$ cat target-v4.txt   # compact mmCIF, C-alpha atoms
# COMPACT_ATOMS: atom_id res chain seq x y z
CA MET I 397 -14.93 8.78 24.96
CA ASN I 398 -14.34 10.86 21.86
CA THR I 399 -11.70 12.85 23.71
CA LEU I 400 -10.06 9.64 24.90
CA ILE I 401 -9.86 8.35 21.34
CA GLY I 402 -8.43 11.70 20.34
CA TYR I 403 -5.33 11.07 22.47
CA ASP I 404 -2.32 9.28 21.03
CA LEU I 405 -2.71 6.12 23.12
CA VAL I 406 -4.65 2.91 23.44
CA PRO I 407 -6.73 3.02 26.63
CA GLU I 408 -5.97 0.48 29.34
CA ALA I 409 -8.30 -2.37 30.03
CA LYS I 410 -9.58 -0.71 33.20
CA ILE I 411 -10.63 2.41 31.31
CA VAL I 412 -12.38 0.48 28.55
CA ASP I 413 -14.04 -1.57 31.30
CA SER I 414 -15.48 1.60 32.88
CA ALA I 415 -16.64 2.79 29.47
CA LEU I 416 -18.44 -0.49 28.81
CA ARG I 417 -20.12 -0.34 32.20
CA ALA I 418 -21.19 3.23 31.45
CA CYS I 419 -22.77 2.01 28.22
CA ARG I 420 -24.59 -0.64 30.23
CA ARG I 421 -25.96 2.02 32.57
CA LEU I 422 -27.22 3.96 29.56
CA ASN I 423 -28.69 0.82 28.00
CA ASP I 424 -26.60 1.34 24.86
CA LEU I 425 -25.14 -1.85 23.43
CA ALA I 426 -24.27 -0.24 20.09
CA SER I 427 -21.96 2.26 21.79
CA ALA I 428 -20.26 -0.53 23.72
CA ILE I 429 -19.46 -2.38 20.51
CA ARG I 430 -18.40 0.89 18.87
CA ASN I 431 -15.99 1.51 21.76
CA LEU I 432 -14.37 -1.86 21.18
CA GLU I 433 -14.03 -1.15 17.48
CA ALA I 434 -12.54 2.27 18.18
CA VAL I 435 -9.98 0.83 20.59
CA LYS I 436 -8.95 -1.76 18.03
CA ASP I 437 -8.60 0.97 15.42
CA LYS I 438 -6.49 3.00 17.83
CA ALA I 439 -3.94 0.21 18.09
CA GLY I 440 -3.16 0.71 14.42
CA PRO I 441 -0.41 -1.53 13.09
CA HIS I 442 0.25 -3.13 16.51
CA LYS I 443 -2.01 -6.09 16.08
CA GLU I 444 -1.20 -7.72 19.41
CA ILE I 445 -2.74 -4.99 21.59
CA TYR I 446 -6.39 -5.64 20.80
CA PRO I 447 -6.42 -9.41 21.53
CA TYR I 448 -4.67 -8.67 24.82
CA LEU I 449 -7.29 -6.08 25.68
CA ILE I 450 -10.12 -8.45 24.86
CA GLN I 451 -8.47 -11.11 26.98
CA GLU I 452 -8.31 -8.69 29.90
CA LEU I 453 -11.88 -7.59 29.36
CA GLN I 454 -13.31 -11.08 28.93
CA PRO I 455 -14.85 -11.23 32.44
CA THR I 456 -16.63 -7.93 31.88
CA LEU I 457 -17.75 -8.89 28.41
CA SER I 458 -19.28 -12.13 29.64
CA GLU I 459 -20.84 -10.42 32.65
CA LEU I 460 -22.51 -7.71 30.61
CA GLY I 461 -23.25 -9.93 27.64
CA ILE I 462 -21.37 -7.74 25.14
CA SER I 463 -20.27 -9.50 21.96
CA THR I 464 -17.02 -8.43 20.38
CA PRO I 465 -17.14 -7.15 16.80
CA GLU I 466 -15.39 -10.35 15.74
CA GLN I 467 -18.13 -12.50 17.24
CA LEU I 468 -20.70 -10.50 15.32
CA GLY I 469 -18.69 -10.75 12.13
CA MET I 470 -18.30 -7.01 11.93
CA ASP I 471 -14.56 -6.96 11.41
CA LYS I 472 -15.00 -8.39 7.91
CA LEU I 473 -16.19 -6.13 5.15
CA MET R 308 -27.67 26.56 4.15
CA TYR R 309 -25.19 23.97 3.13
CA GLN R 310 -25.92 21.43 0.43
CA ILE R 311 -24.73 17.84 0.75
CA ARG R 312 -25.59 14.69 -1.11
CA ARG R 313 -26.68 11.85 1.13
CA PRO R 314 -26.44 8.32 -0.27
CA GLN R 315 -29.11 7.07 2.10
CA ALA R 316 -31.43 9.90 2.85
CA GLU R 317 -32.64 9.57 6.40
CA VAL R 318 -35.58 11.68 7.32
CA THR R 319 -34.86 13.92 10.26
CA SER R 320 -37.68 14.87 12.50
CA ASN R 321 -37.58 18.53 11.53
CA GLN R 322 -37.95 18.09 7.83
CA GLN R 323 -40.99 20.31 7.32
CA MET R 324 -39.11 23.42 6.22
CA ALA R 325 -36.27 22.40 3.96
CA LEU R 326 -34.49 25.13 2.08
CA THR R 327 -33.80 23.61 -1.29
CA HIS R 328 -31.41 25.30 -3.64
CA HIS R 329 -32.62 25.46 -7.22
CA GLU R 330 -30.32 26.24 -10.12
CA ASN R 331 -30.89 29.96 -10.20
CA SER R 332 -32.43 31.07 -6.93
CA LEU R 333 -32.59 30.21 -3.29
CA VAL R 334 -36.26 29.49 -2.79
CA PRO R 335 -37.55 28.26 0.54
CA HIS R 336 -40.36 25.83 0.04
CA VAL R 337 -42.12 23.27 2.12
CA SER R 338 -40.91 19.80 1.18
CA LEU R 339 -42.37 16.76 2.86
CA SER R 340 -41.28 14.03 0.46
CA ILE R 341 -37.74 12.74 0.59
CA HIS R 342 -36.32 10.95 -2.45
CA PRO R 343 -33.05 9.08 -2.33
CA GLU R 344 -30.08 10.85 -3.93
CA VAL R 345 -31.69 14.28 -3.61
CA SER R 346 -29.53 17.06 -2.25
CA GLU R 347 -31.04 18.27 0.94
CA ALA R 348 -30.11 21.17 3.13
CA VAL R 349 -28.50 20.16 6.37
CA ASP R 350 -29.11 22.21 9.47
CA MET R 351 -25.65 22.39 10.94
CA SER R 352 -26.79 24.06 14.13
CA LYS R 353 -28.22 20.75 15.33
CA PRO R 354 -26.19 17.71 16.43
CA MET R 355 -25.04 15.80 13.38
CA TYR R 356 -24.06 12.25 12.68
CA TRP R 357 -20.84 11.31 10.94
CA ASP R 358 -18.59 8.26 10.64
CA ARG R 359 -15.10 9.23 11.70
CA ARG R 360 -12.26 7.15 13.08
CA GLU R 361 -11.47 9.68 15.78
CA ILE R 362 -15.08 10.24 16.85
CA PRO R 363 -16.48 6.82 17.64
CA LEU R 364 -19.63 8.18 19.25
CA PRO R 365 -21.15 11.00 17.17
CA ASP R 366 -23.48 13.61 18.58
CA LYS R 367 -26.56 11.76 17.55
CA ARG R 368 -27.75 8.31 16.57
CA TYR R 369 -27.79 7.40 12.92
CA LYS R 370 -31.44 6.49 12.49
CA ASP R 371 -33.89 9.04 13.88
CA ILE R 372 -37.13 7.42 12.87
CA LEU R 373 -37.61 4.08 14.60
CA THR R 374 -40.08 1.52 13.36
CA PRO R 375 -42.15 -0.28 16.01
CA ALA R 376 -39.83 -3.29 15.60
CA ASP R 377 -36.86 -1.03 16.35
CA LYS R 378 -38.60 0.40 19.35
CA SER R 379 -39.31 -3.01 20.80
CA LEU R 380 -35.68 -3.93 20.23
CA LYS R 381 -34.64 -0.83 22.13
CA GLU R 382 -36.89 -1.92 24.98
CA LYS R 383 -35.25 -5.32 24.98
CA GLU R 384 -31.89 -3.58 25.12
CA LYS R 385 -32.75 -2.32 28.58
CA GLY R 386 -32.64 -5.86 29.90
CA PRO R 387 -29.67 -8.20 30.12
CA TRP R 388 -27.69 -8.08 26.90
CA GLY R 389 -26.89 -11.76 27.04
CA GLN R 390 -30.46 -12.42 25.94
CA LEU R 391 -30.04 -10.60 22.65
CA SER R 392 -29.18 -12.71 19.65
CA ASN R 393 -26.29 -11.79 17.38
CA GLU R 394 -28.69 -10.52 14.72
CA GLU R 395 -30.41 -8.30 17.25
CA LYS R 396 -27.09 -6.92 18.44
CA LEU R 397 -26.13 -6.19 14.85
CA ALA R 398 -29.50 -4.53 14.27
CA LEU R 399 -28.97 -2.34 17.33
CA TYR R 400 -25.55 -1.36 16.05
CA ARG R 401 -26.92 -0.44 12.63
CA LEU R 402 -29.63 1.66 14.27
CA SER R 403 -27.03 3.77 15.97
CA PHE R 404 -24.29 3.75 13.36
CA CYS R 405 -24.10 3.82 9.60
CA GLN R 406 -20.78 2.13 8.88
CA THR R 407 -18.57 -0.16 10.92
CA TYR R 408 -14.93 0.75 11.39
CA PRO R 409 -13.67 -1.59 8.69
CA GLU R 410 -16.26 -0.22 6.27
CA MET R 411 -15.28 3.32 7.20
CA ASN R 412 -11.59 2.65 6.77
CA GLN R 413 -11.72 0.84 3.49
CA SER R 414 -9.68 2.40 0.74
CA SER R 415 -11.23 3.32 -2.54
CA SER R 416 -9.85 2.98 -6.03
CA GLU R 417 -10.20 6.68 -6.57
CA TRP R 418 -6.48 7.10 -7.06
CA LYS R 419 -6.68 5.13 -10.30
CA THR R 420 -9.25 7.57 -11.67
CA VAL R 421 -7.19 10.52 -10.54
CA LEU R 422 -4.00 9.13 -12.12
CA ALA R 423 -5.87 8.35 -15.33
CA GLY R 424 -7.22 11.88 -15.45
CA VAL R 425 -3.81 13.40 -14.86
CA LEU R 426 -2.14 11.28 -17.56
CA TYR R 427 -4.98 12.06 -19.95
CA CYS R 428 -4.52 15.79 -19.44
CA ILE R 429 -0.78 15.47 -19.90
CA GLY R 430 -1.42 13.51 -23.08
CA LEU R 431 -3.74 16.16 -24.43
CA THR R 432 -1.15 18.79 -23.64
CA GLY R 433 1.43 16.71 -25.51
CA LEU R 434 -0.79 16.63 -28.57
CA VAL R 435 -1.27 20.37 -28.41
CA ILE R 436 2.49 20.87 -28.24
CA ILE R 437 3.09 18.61 -31.23
CA TRP R 438 0.57 20.56 -33.26
CA GLN R 439 2.17 23.77 -32.10
CA THR R 440 5.65 22.76 -33.26
CA ALA R 441 4.24 21.87 -36.65
CA TYR R 442 2.00 24.86 -37.26
CA VAL R 443 2.73 27.68 -34.87
CA TYR R 444 6.48 27.99 -34.41
CA PRO R 445 8.36 30.18 -36.88
CA PRO R 446 11.27 28.60 -38.78
CA THR R 447 14.26 27.85 -36.51
CA PRO R 448 17.06 30.42 -36.66
CA ARG R 449 20.11 29.65 -38.80
CA THR R 450 22.28 29.42 -35.70
CA PHE R 451 20.78 25.96 -35.11
CA ASP R 452 22.17 24.46 -38.33
CA ALA R 453 24.85 21.79 -37.88
CA GLU R 454 27.28 23.71 -40.03
CA TRP R 455 26.86 26.90 -38.05
CA GLN R 456 27.21 24.97 -34.77
CA ALA R 457 30.48 23.41 -35.98
CA LYS R 458 31.87 26.82 -36.88
CA GLN R 459 30.72 28.12 -33.51
CA VAL R 460 32.56 25.35 -31.65
CA LYS R 461 35.69 26.02 -33.68
CA ARG R 462 35.52 29.69 -32.82
CA MET R 463 35.08 28.91 -29.13
CA LEU R 464 38.11 26.64 -29.18
CA ASP R 465 40.15 29.27 -30.95
CA MET R 466 39.15 31.76 -28.29
CA ARG R 467 40.19 29.23 -25.60
CA VAL R 468 36.85 29.44 -23.80
CA SER R 469 37.26 28.12 -20.18
CA PRO R 470 40.72 26.74 -20.87
CA ILE R 471 41.46 25.50 -17.37
CA GLU R 472 38.54 23.34 -16.35
CA GLY R 473 35.77 24.00 -18.85
CA PHE R 474 35.23 23.86 -22.59
CA ALA R 475 38.63 24.31 -24.19
CA ALA R 476 40.27 22.22 -21.48
CA GLN R 477 38.55 19.18 -23.00
CA TRP R 478 40.10 19.76 -26.40
CA ASP R 479 43.50 18.36 -27.14
CA TYR R 480 45.15 21.13 -29.15
CA GLU R 481 48.12 19.04 -30.28
CA LYS R 482 46.09 16.22 -31.68
CA GLY R 483 43.13 18.29 -32.78
CA GLN R 484 40.47 16.18 -31.14
CA TRP R 485 38.46 15.90 -27.97
CA LYS R 486 40.26 14.42 -25.03

$ encode --input "target-v4.txt" --output "structure tokens"
Amino acid sequence: MNTLIGYDLVPEAKIVDSALRACRRLNDLASAIRNLEAVKDKAGPHKEIYPYLIQELQPTLSELGISTPEQLGMDKL
Amino acid sequence: MYQIRRPQAEVTSNQQMALTHHENSLVPHVSLSIHPEVSEAVDMSKPMYWDRREIPLPDKRYKDILTPADKSLKEKEKGPWGQLSNEEKLALYRLSFCQTYPEMNQSSSEWKTVLAGVLYCIGLTGLVIIWQTAYVYPPTPRTFDAEWQAKQVKRMLDMRVSPIEGFAAQWDYEKGQWK
């Protein structure tokens, strides 16, 4: 995941989906939320990418019970 | 051993032998008590934790020592995540990570301090220069006097210095004035 974030791209929904499922297998919710934060940070000034990604990932998020950082209030300082 | 200051000192499990660096000598001594804000030696051969934008998942979790409450939370994490409340999810996040991305990315006002320091130093230098001109410099040479300068200009014009495009070209010789 670190390598993926090292690339100059925002991962596709499918890739983030696999990452979230991997976190579920490892019983690591914190990493799942961290992944979402990292992907949002990767989008940089292009603010429309992250909401699109969340929209695509919504089925997975509901299935696995992962809250987005916004739902947890973590995107505010 | 490398010294760093940790704002929140977290006890690592191998803290029995800490090499602490005193002012004058490197003395290894057994240190079991950890105080906040104390410089402690970090063993860089082991996996370390850090908050970086490009490394979302560091080599190790943030908190090493888990209280029984934390441990039970970790057990609950193994079940369906939908059953965790928002506070519990936040608590799990804070167990694994120190700062969130927005906290990590926030800008500081350090630049104001830096600019103030720079301007202060320049100001001090200015004061030193003023004192220097008053007390250190020898008297200015006579070639700087207005009268001498006027005579010098006259001599240059008489010599026709740069008559085509330069100095004397700007002087109107018929009228005796600058063009």

$ residues_around --input "target-v4.txt" --residues "stretch 429-440 of chain I" --least-positions-apart "4" --cutoff "9 Å" --atoms "all atoms listed in the file" --output "PyMOL selection string"
(chain I and resi 397+401+404-407+412+415-416+425+444-447+449-450+462-465+471) or (chain R and resi 360-364+400+404+407-409)

$ closest_atom_pairs --input "target-v4.txt" --of "chain R" --to "chain I" --cutoff "12 Å" --atoms "all atoms listed in the file" --output "Markdown table"
| residue | atom | partner | partner_atom | distance |
| --- | --- | --- | --- | --- |
| R:Asp358 | CA | I:Arg430 | CA | 11.0 |
| R:Arg359 | CA | I:Ala434 | CA | 9.8 |
| R:Arg360 | CA | I:Ala434 | CA | 7.1 |
| R:Glu361 | CA | I:Gly402 | CA | 5.8 |
| R:Ile362 | CA | I:Asn398 | CA | 5.1 |
| R:Pro363 | CA | I:Ala434 | CA | 6.0 |
| R:Leu364 | CA | I:Asn398 | CA | 6.5 |
| R:Pro365 | CA | I:Asn398 | CA | 8.3 |
| R:Asp366 | CA | I:Asn398 | CA | 10.1 |
| R:Lys367 | CA | I:Ser427 | CA | 11.4 |
| R:Arg368 | CA | I:Ser427 | CA | 9.9 |
| R:Tyr369 | CA | I:Ala426 | CA | 11.1 |
| R:Leu380 | CA | I:Leu425 | CA | 11.2 |
| R:Lys381 | CA | I:Asn423 | CA | 8.5 |
| R:Glu382 | CA | I:Asn423 | CA | 9.2 |
| R:Lys383 | CA | I:Asn423 | CA | 9.5 |
| R:Glu384 | CA | I:Asn423 | CA | 6.2 |
| R:Lys385 | CA | I:Asn423 | CA | 5.2 |
| R:Gly386 | CA | I:Asn423 | CA | 8.0 |
| R:Pro387 | CA | I:Gly461 | CA | 7.1 |
| R:Trp388 | CA | I:Gly461 | CA | 4.9 |
| R:Gly389 | CA | I:Gly461 | CA | 4.1 |
| R:Gln390 | CA | I:Gly461 | CA | 7.8 |
| R:Leu391 | CA | I:Gly461 | CA | 8.5 |
| R:Ser392 | CA | I:Ser463 | CA | 9.7 |
| R:Asn393 | CA | I:Leu468 | CA | 6.1 |
| R:Glu394 | CA | I:Leu468 | CA | 8.0 |
| R:Glu395 | CA | I:Leu468 | CA | 10.1 |
| R:Lys396 | CA | I:Leu425 | CA | 7.4 |
| R:Leu397 | CA | I:Leu468 | CA | 6.9 |
| R:Ala398 | CA | I:Ala426 | CA | 8.9 |
| R:Leu399 | CA | I:Ala426 | CA | 5.8 |
| R:Tyr400 | CA | I:Ala426 | CA | 4.4 |
| R:Arg401 | CA | I:Ala426 | CA | 7.9 |
| R:Leu402 | CA | I:Ala426 | CA | 8.1 |
| R:Ser403 | CA | I:Ala426 | CA | 6.4 |
| R:Phe404 | CA | I:Ala426 | CA | 7.8 |
| R:Cys405 | CA | I:Ala426 | CA | 11.2 |
| R:Gln406 | CA | I:Met470 | CA | 9.9 |
| R:Thr407 | CA | I:Met470 | CA | 6.9 |
| R:Tyr408 | CA | I:Glu433 | CA | 6.4 |
| R:Pro409 | CA | I:Asp471 | CA | 6.1 |
| R:Glu410 | CA | I:Leu473 | CA | 6.0 |
| R:Met411 | CA | I:Leu473 | CA | 9.7 |
| R:Asn412 | CA | I:Asp437 | CA | 9.3 |
| R:Gln413 | CA | I:Leu473 | CA | 8.4 |
| R:Ser414 | CA | I:Leu473 | CA | 11.6 |

$ atom_distance --input "target-v4.txt" --atom1 "atom CA of I:Ile411" --atom2 "atom CA of I:Leu453"
10.3 Å

$ closest_residue --input "target-v4.txt" --among "R:Tyr427, R:Tyr480, R:Phe451, R:Tyr444" --to "R:Asp465" --atoms "only C-alpha atoms"
R:Tyr480

$ atom_distance --input "target-v4.txt" --atom1 "atom CA of R:Phe474" --atom2 "atom CA of R:Lys486"
11.0 Å

$ atom_distance --input "target-v4.txt" --atom1 "atom CA of R:Lys370" --atom2 "atom CA of R:Val345"
17.9 Å
